[in-house]
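Here the structure comes first, spelled out in structure tokens, and everything after it is commentary.
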Amino acid sequence: MVRVGNSNNERYLESQAARESNARSYPRRLPIAILEAEGIHVKDMDGKVYYDCLAGAGTLALGHNHPVVVDAIRQMLEHKRPLHTLDLTTPLKEQFVDEVFASLPEAFAKDARIQFCGPTGGDAIEAAIKLVKTATGNRSILAFQGGYHGSTHATMSLSGTLGQKEKINGLIPDVHHLPYPYAYRCPFGVGGEETHRISSKYIENLLRDPESGIVSPCGMILEVVQGEGGSIPAPIEWLKEIRRITKERNIPLIIDEVQTGIGRTGKMFAFEHAGIIPDVLVLSKAIGGSLPLSVVIYHKKYDVWKPGAHIGTFRGNQLAMAAGLATLTYIREHNLPEKVAQLGERLSDHLLELKRNVAFIGDVRGRGLMIGVEVVNADEQQDSLGHYPAHPKLASRIQQECLKRGLILEVGGRHSAVMRFLPPLIVTEEQVDEIARIFSEAVHVACEAYHTAKIV
């Protein structure tokens, strides 16, 4: 066993590689071992400090060890509050539910029910699917190309990601993947505004067609901004059309806000940008204030499943509820969503300026502080839309150059060629400017290395 304070990154990484599963992922791209963390910064075992724009894949809404979160946890421990209660209630749990419902649009909250799930978003997605299947008696599920909903058998079935499920047999049947309005890589080959118009018309026609091959759906699931798919925001008009289409056909609309929820996109919930109300809302990551928690919130008319229909030992994580309550309260009292919208625009402006000067930056997109930069190969042939192919090797090199300069970014999207920005919501204007400066420098260095044939 390695000893804290008597080692460095390499020793910890060697120990990790020797003992942990081959399925580990982040350490392969971000080879550091973390000693300390505060706010937007983390310090590795060599004493180097980084801007953390991964933030627990969006879990750390208030950054690392925010005082209100630390104090909430400390109060729980000092007053000997229960740490685990299954689904038995407590005063804290009641306060948490009050705050969650207060954060929702009133039209949704007034008829809402909440189900506490296991600690991951994937478990909550599973619960949501069981809920709508039970309520409707139907079995087909409509999902979207590029979507990501988790790593269980059911959630892999719903996801567009092929890598995880190529070698896995027995995924759930009757899942149908529809074209998501990804204008830059338009599934219809047209691009621009026509992408979302064709997508919604295609979906409506599919549901009208008595020989579509799809039996009556139990529900439709979507992300308002696809995260792992490449930080792709759905156009507002498309979301409104999808809500109309599903409502007219009594198809429950499940919105997966595991990553977009709790202020990330410049609204408390991403669906609010379109002024729509889902039938079912799935939350995790930031809802637990940095600790494991997930919930499903849904209209009471779907609450027809039986006691024990969805259970999980750790659905009573009281520490997570305390941290989540503190986080939600802080976000509301400090009006963070509005600030996030402003900071997201500031960061996007920096990135768009970089795009104007670097041919290898193909697209900049997102909402709030959930932004993607698609890296392309400007030396290759353009497609019919005038866009270059994805360049995963260059994206990987940019990530490495960012890490060298003290910036933690994840790559994602198709072909792993999208640089993803997910900083904590408490990032400042000055920090946004510095993050953009580091990224710009890393991009220029990586592009120069590419041109001098140093990328292999």
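Lettering and numbering for the structure tokens are positional, with chains as A, B, ... in the shown order, residues counted from 1 in each chain, and ligands counted from 1 in the shown order.
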
Quick one: which stretch 198-274 of chain A residues come within 10 Å of stretch 187-194 of chain A, and what is the nearest atom pair for each with the distance in Å to one decimal, counting only C-alpha atoms, rows ordered by chain and ascending number, as CSV?
```
residue,atom,partner,partner_atom,distance
A:Ile198,CA,A:Glu194,CA,5.9
A:Ser199,CA,A:Glu194,CA,8.3
A:Pro235,CA,A:Glu193,CA,8.7
A:Glu237,CA,A:Glu193,CA,9.8
A:Trp238,CA,A:Glu193,CA,9.8
```

Taking N, CA and C atoms for each residue, export the selection above as an mmCIF file, in the first residue's frame.
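After the write, again_18.cif holds the following:
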```cif
data_model
loop_
_atom_site.group_PDB
_atom_site.id
_atom_site.type_symbol
_atom_site.label_atom_id
_atom_site.label_comp_id
_atom_site.auth_asym_id
_atom_site.auth_seq_id
_atom_site.Cartn_x
_atom_site.Cartn_y
_atom_site.Cartn_z
ATOM 1 N N ILE A 198 -37.019 18.464 -39.570
ATOM 2 C CA ILE A 198 -37.178 17.132 -40.162
ATOM 3 C C ILE A 198 -37.278 16.076 -39.070
ATOM 4 N N SER A 199 -36.463 16.231 -38.018
ATOM 5 C CA SER A 199 -36.480 15.260 -36.927
ATOM 6 C C SER A 199 -37.865 15.153 -36.304
ATOM 7 N N PRO A 235 -32.635 22.033 -29.935
ATOM 8 C CA PRO A 235 -33.274 23.319 -30.217
ATOM 9 C C PRO A 235 -34.589 23.467 -29.450
ATOM 10 N N GLU A 237 -37.423 24.893 -30.255
ATOM 11 C CA GLU A 237 -38.627 24.570 -31.028
ATOM 12 C C GLU A 237 -38.823 23.060 -31.145
ATOM 13 N N TRP A 238 -37.730 22.327 -31.257
ATOM 14 C CA TRP A 238 -37.824 20.858 -31.336
ATOM 15 C C TRP A 238 -38.374 20.290 -30.038
#
```

Residue neighbourhood stretch 49-60 of chain A, 7 Å, only C-alpha atoms, exclusion window fewer than 2 positions, as a list in words =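 Listing them by chain and then by number gives Ile40, His41, Val42, Lys43, Asp44, Gly47, Leu62, Gly63, His64, Gln259, Lys285, Ala286, Gly289, Ser290, Gly406, Leu407, Ile408, Leu409, Glu410, Phe421, Leu422, Pro423 and Pro424 of chain A.
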
Expected file: the selected residues, N, CA and C atoms, as an mmCIF file, in the first residue's frame:
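As written to disk, result_20.cif reads:
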```cif
data_model
loop_
_atom_site.group_PDB
_atom_site.id
_atom_site.type_symbol
_atom_site.label_atom_id
_atom_site.label_comp_id
_atom_site.auth_asym_id
_atom_site.auth_seq_id
_atom_site.Cartn_x
_atom_site.Cartn_y
_atom_site.Cartn_z
ATOM 1 N N ILE A 40 -12.897 25.223 -7.311
ATOM 2 C CA ILE A 40 -12.663 24.741 -8.674
ATOM 3 C C ILE A 40 -11.294 24.078 -8.820
ATOM 4 N N HIS A 41 -10.520 24.033 -7.746
ATOM 5 C CA HIS A 41 -9.149 23.545 -7.839
ATOM 6 C C HIS A 41 -8.965 22.181 -7.181
ATOM 7 N N VAL A 42 -8.080 21.374 -7.767
ATOM 8 C CA VAL A 42 -7.603 20.145 -7.137
ATOM 9 C C VAL A 42 -6.077 20.159 -7.162
ATOM 10 N N LYS A 43 -5.481 19.503 -6.174
ATOM 11 C CA LYS A 43 -4.013 19.404 -6.092
ATOM 12 C C LYS A 43 -3.626 17.938 -6.164
ATOM 13 N N ASP A 44 -2.647 17.622 -7.020
ATOM 14 C CA ASP A 44 -2.239 16.228 -7.142
ATOM 15 C C ASP A 44 -1.127 15.894 -6.155
ATOM 16 N N GLY A 47 1.905 18.065 -5.904
ATOM 17 C CA GLY A 47 1.699 19.441 -5.489
ATOM 18 C C GLY A 47 1.228 20.366 -6.592
ATOM 19 N N LEU A 62 -21.260 22.986 -6.647
ATOM 20 C CA LEU A 62 -20.615 24.056 -5.881
ATOM 21 C C LEU A 62 -19.117 23.838 -5.740
ATOM 22 N N GLY A 63 -18.568 22.966 -6.555
ATOM 23 C CA GLY A 63 -17.142 22.692 -6.492
ATOM 24 C C GLY A 63 -16.799 21.766 -5.335
ATOM 25 N N HIS A 64 -15.527 21.634 -5.094
ATOM 26 C CA HIS A 64 -15.037 20.729 -4.043
ATOM 27 C C HIS A 64 -15.126 21.386 -2.667
ATOM 28 N N GLN A 259 -27.321 14.998 -15.666
ATOM 29 C CA GLN A 259 -26.184 15.916 -15.773
ATOM 30 C C GLN A 259 -26.603 17.363 -15.961
ATOM 31 N N LYS A 285 -26.413 13.025 -9.762
ATOM 32 C CA LYS A 285 -25.221 13.876 -9.739
ATOM 33 C C LYS A 285 -25.383 15.038 -8.768
ATOM 34 N N ALA A 286 -25.630 16.258 -9.236
ATOM 35 C CA ALA A 286 -25.616 17.448 -8.381
ATOM 36 C C ALA A 286 -26.708 17.446 -7.321
ATOM 37 N N GLY A 289 -25.492 17.016 -3.825
ATOM 38 C CA GLY A 289 -24.508 17.945 -3.280
ATOM 39 C C GLY A 289 -23.101 17.401 -3.228
ATOM 40 N N SER A 290 -22.758 16.496 -4.140
ATOM 41 C CA SER A 290 -21.457 15.831 -4.311
ATOM 42 C C SER A 290 -21.458 14.407 -3.765
ATOM 43 N N GLY A 406 -2.361 22.635 -16.308
ATOM 44 C CA GLY A 406 -3.191 22.791 -15.121
ATOM 45 C C GLY A 406 -4.673 22.934 -15.391
ATOM 46 N N LEU A 407 -5.170 22.280 -16.431
ATOM 47 C CA LEU A 407 -6.599 22.322 -16.749
ATOM 48 C C LEU A 407 -7.102 20.904 -17.007
ATOM 49 N N ILE A 408 -8.077 20.473 -16.221
ATOM 50 C CA ILE A 408 -8.680 19.156 -16.376
ATOM 51 C C ILE A 408 -9.935 19.278 -17.227
ATOM 52 N N LEU A 409 -9.901 18.649 -18.395
ATOM 53 C CA LEU A 409 -11.043 18.586 -19.305
ATOM 54 C C LEU A 409 -11.248 17.141 -19.714
ATOM 55 N N GLU A 410 -12.498 16.780 -19.950
ATOM 56 C CA GLU A 410 -12.801 15.451 -20.464
ATOM 57 C C GLU A 410 -13.087 15.539 -21.955
ATOM 58 N N PHE A 421 -16.582 21.039 -21.409
ATOM 59 C CA PHE A 421 -16.388 21.959 -20.295
ATOM 60 C C PHE A 421 -17.559 21.824 -19.317
ATOM 61 N N LEU A 422 -17.263 21.361 -18.088
ATOM 62 C CA LEU A 422 -18.263 21.207 -17.028
ATOM 63 C C LEU A 422 -17.716 21.774 -15.713
ATOM 64 N N PRO A 423 -17.346 23.053 -15.671
ATOM 65 C CA PRO A 423 -16.788 23.598 -14.428
ATOM 66 C C PRO A 423 -17.861 23.715 -13.352
ATOM 67 N N PRO A 424 -17.472 23.814 -12.086
ATOM 68 C CA PRO A 424 -18.464 24.070 -11.035
ATOM 69 C C PRO A 424 -19.215 25.374 -11.310
#
```

task = Determine which residues of stretch 109-313 of chain A receive a DSSP assignment of strand (DSSP E or B), computed from the backbone, and state them as a ChimeraX atom specification.
result = /A:112-116,140-144,175-178,217-222,225-226,232-233,253-256,280-283,295-299

Near-A:Glu99 list (10 Å; only C-alpha atoms; drop same-chain fewer than 6 positions) as number ranges by chain = A: 93, 324-326, 328-329, 332

For those residues, write N, CA and C atoms to a file as a PDB file, in the first residue's frame.
```pdb
ATOM      1  N   LYS A  93     -35.175  14.486   5.535  1.00  0.00           N
ATOM      2  CA  LYS A  93     -35.722  14.033   4.260  1.00  0.00           C
ATOM      3  C   LYS A  93     -36.908  14.904   3.848  1.00  0.00           C
ATOM      4  N   GLY A 324     -27.291  17.746  -0.392  1.00  0.00           N
ATOM      5  CA  GLY A 324     -28.150  18.190  -1.479  1.00  0.00           C
ATOM      6  C   GLY A 324     -29.031  19.350  -1.082  1.00  0.00           C
ATOM      7  N   LEU A 325     -29.589  19.300   0.122  1.00  0.00           N
ATOM      8  CA  LEU A 325     -30.411  20.401   0.624  1.00  0.00           C
ATOM      9  C   LEU A 325     -29.597  21.686   0.706  1.00  0.00           C
ATOM     10  N   ALA A 326     -28.388  21.582   1.233  1.00  0.00           N
ATOM     11  CA  ALA A 326     -27.521  22.765   1.341  1.00  0.00           C
ATOM     12  C   ALA A 326     -27.197  23.326  -0.039  1.00  0.00           C
ATOM     13  N   LEU A 328     -28.942  22.915  -2.975  1.00  0.00           N
ATOM     14  CA  LEU A 328     -30.130  23.489  -3.599  1.00  0.00           C
ATOM     15  C   LEU A 328     -30.470  24.852  -3.001  1.00  0.00           C
ATOM     16  N   THR A 329     -30.382  24.945  -1.679  1.00  0.00           N
ATOM     17  CA  THR A 329     -30.693  26.206  -1.007  1.00  0.00           C
ATOM     18  C   THR A 329     -29.713  27.299  -1.432  1.00  0.00           C
ATOM     19  N   ARG A 332     -30.421  28.440  -5.007  1.00  0.00           N
ATOM     20  CA  ARG A 332     -31.615  29.287  -5.086  1.00  0.00           C
ATOM     21  C   ARG A 332     -31.350  30.665  -4.496  1.00  0.00           C
TER      22      ARG A 332
END
```

request  = Name the residues in contact with A:Ala446 at a cut-off of 8 Å, using only C-alpha atoms, excluding same-chain residues fewer than 3 positions from it; report them as a list in words.
outcome  =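 The neighbour list is Leu394, Arg397, Ile398, Glu401, Ala442, Val443, Ala449 and Tyr450 of chain A.
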
task = May I have the residues within 8 Å of A:Ala143 as a list in words, using only C-alpha atoms and disregarding those fewer than 6 positions away in the same chain?
result =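 That gives Leu158, Ser159, Val175, His176, His177, Leu178, Met220, Ile221 and Leu222 of chain A.
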
Nearest residue to A:Gly412 from the set A:Glu20, A:Asp87, A:Glu333, A:Glu374 (distances using only C-alpha atoms) = A:Glu374

Which residues are near stretch 144-149 of chain A? Cut-off 9 Å, only C-alpha atoms, ignore same chain within fewer than 6 positions. Put them as a PDB file with C-alpha atoms, in the first residue's frame.
```pdb
ATOM      1  CA  GLY A 121     -28.485   8.004 -12.186  1.00  0.00           C
ATOM      2  CA  GLY A 122     -28.624   4.666 -13.971  1.00  0.00           C
ATOM      3  CA  ILE A 125     -33.451   5.649 -15.186  1.00  0.00           C
ATOM      4  CA  THR A 155     -29.723   1.935 -19.589  1.00  0.00           C
ATOM      5  CA  MET A 156     -27.182   0.672 -22.117  1.00  0.00           C
ATOM      6  CA  SER A 157     -30.131  -0.488 -24.193  1.00  0.00           C
ATOM      7  CA  LEU A 158     -31.516   3.059 -24.156  1.00  0.00           C
ATOM      8  CA  SER A 159     -28.176   4.692 -24.945  1.00  0.00           C
ATOM      9  CA  GLY A 160     -26.800   5.336 -28.395  1.00  0.00           C
ATOM     10  CA  THR A 161     -23.267   4.501 -27.270  1.00  0.00           C
ATOM     11  CA  HIS A 176     -36.125   2.271 -30.826  1.00  0.00           C
ATOM     12  CA  HIS A 177     -33.510   4.977 -31.423  1.00  0.00           C
ATOM     13  CA  LEU A 178     -34.726   8.132 -33.136  1.00  0.00           C
ATOM     14  CA  PRO A 179     -32.661  10.870 -34.846  1.00  0.00           C
ATOM     15  CA  TYR A 180     -31.578  13.604 -32.430  1.00  0.00           C
ATOM     16  CA  TYR A 182     -27.498  17.271 -34.042  1.00  0.00           C
ATOM     17  CA  MET A 220     -39.940   8.463 -24.688  1.00  0.00           C
ATOM     18  CA  ILE A 221     -36.658   9.361 -22.986  1.00  0.00           C
ATOM     19  CA  LEU A 222     -34.347  12.209 -23.949  1.00  0.00           C
ATOM     20  CA  GLU A 223     -31.633  14.560 -22.739  1.00  0.00           C
ATOM     21  CA  GLN A 226     -26.795  15.379 -24.743  1.00  0.00           C
ATOM     22  CA  GLY A 227     -23.764  15.100 -22.499  1.00  0.00           C
ATOM     23  CA  GLU A 228     -21.716  12.059 -23.443  1.00  0.00           C
ATOM     24  CA  GLY A 229     -23.060  12.447 -26.979  1.00  0.00           C
ATOM     25  CA  GLY A 230     -20.988  15.614 -27.326  1.00  0.00           C
ATOM     26  CA  ASP A 256     -33.023  12.672 -18.159  1.00  0.00           C
ATOM     27  CA  VAL A 258     -28.875  13.572 -14.439  1.00  0.00           C
ATOM     28  CA  GLY A 413     -18.927  12.839 -28.187  1.00  0.00           C
ATOM     29  CA  ARG A 414     -18.755  10.850 -31.392  1.00  0.00           C
TER      30      ARG A 414
END
```

inquiry  = At a cut-off of 10 Å, using only C-alpha atoms, what residues contact A:His273? Leave out same-chain residues fewer than 5 positions from it and give the result as JSON, numbers by chain.
reply    = {"A": [224, 235, 236, 239, 265, 266, 267, 268, 367]}

Those same residues - N, CA and C atoms - I'd like them written as a compact mmCIF listing (two decimals), in the first residue's frame.
```
# COMPACT_ATOMS: atom_id res chain seq x y z
N VAL A 224 -32.10 16.94 -22.71
CA VAL A 224 -32.28 18.26 -23.31
C VAL A 224 -30.96 18.78 -23.88
N PRO A 235 -32.64 22.03 -29.93
CA PRO A 235 -33.27 23.32 -30.22
C PRO A 235 -34.59 23.47 -29.45
N ILE A 236 -34.87 24.68 -29.01
CA ILE A 236 -36.08 24.94 -28.22
C ILE A 236 -37.34 24.54 -28.97
N LEU A 239 -37.90 20.79 -28.91
CA LEU A 239 -38.39 20.31 -27.62
C LEU A 239 -39.89 20.58 -27.48
N THR A 265 -27.36 24.39 -16.90
CA THR A 265 -27.53 24.99 -18.23
C THR A 265 -27.98 26.45 -18.21
N GLY A 266 -28.05 27.05 -17.02
CA GLY A 266 -28.52 28.44 -16.93
C GLY A 266 -29.96 28.55 -16.50
N LYS A 267 -30.63 27.44 -16.29
CA LYS A 267 -31.93 27.33 -15.64
C LYS A 267 -31.78 26.24 -14.58
N MET A 268 -32.67 26.24 -13.60
CA MET A 268 -32.56 25.18 -12.60
C MET A 268 -32.64 23.81 -13.26
N ARG A 367 -25.17 24.80 -23.53
CA ARG A 367 -25.99 25.76 -22.79
C ARG A 367 -25.39 25.94 -21.41
```
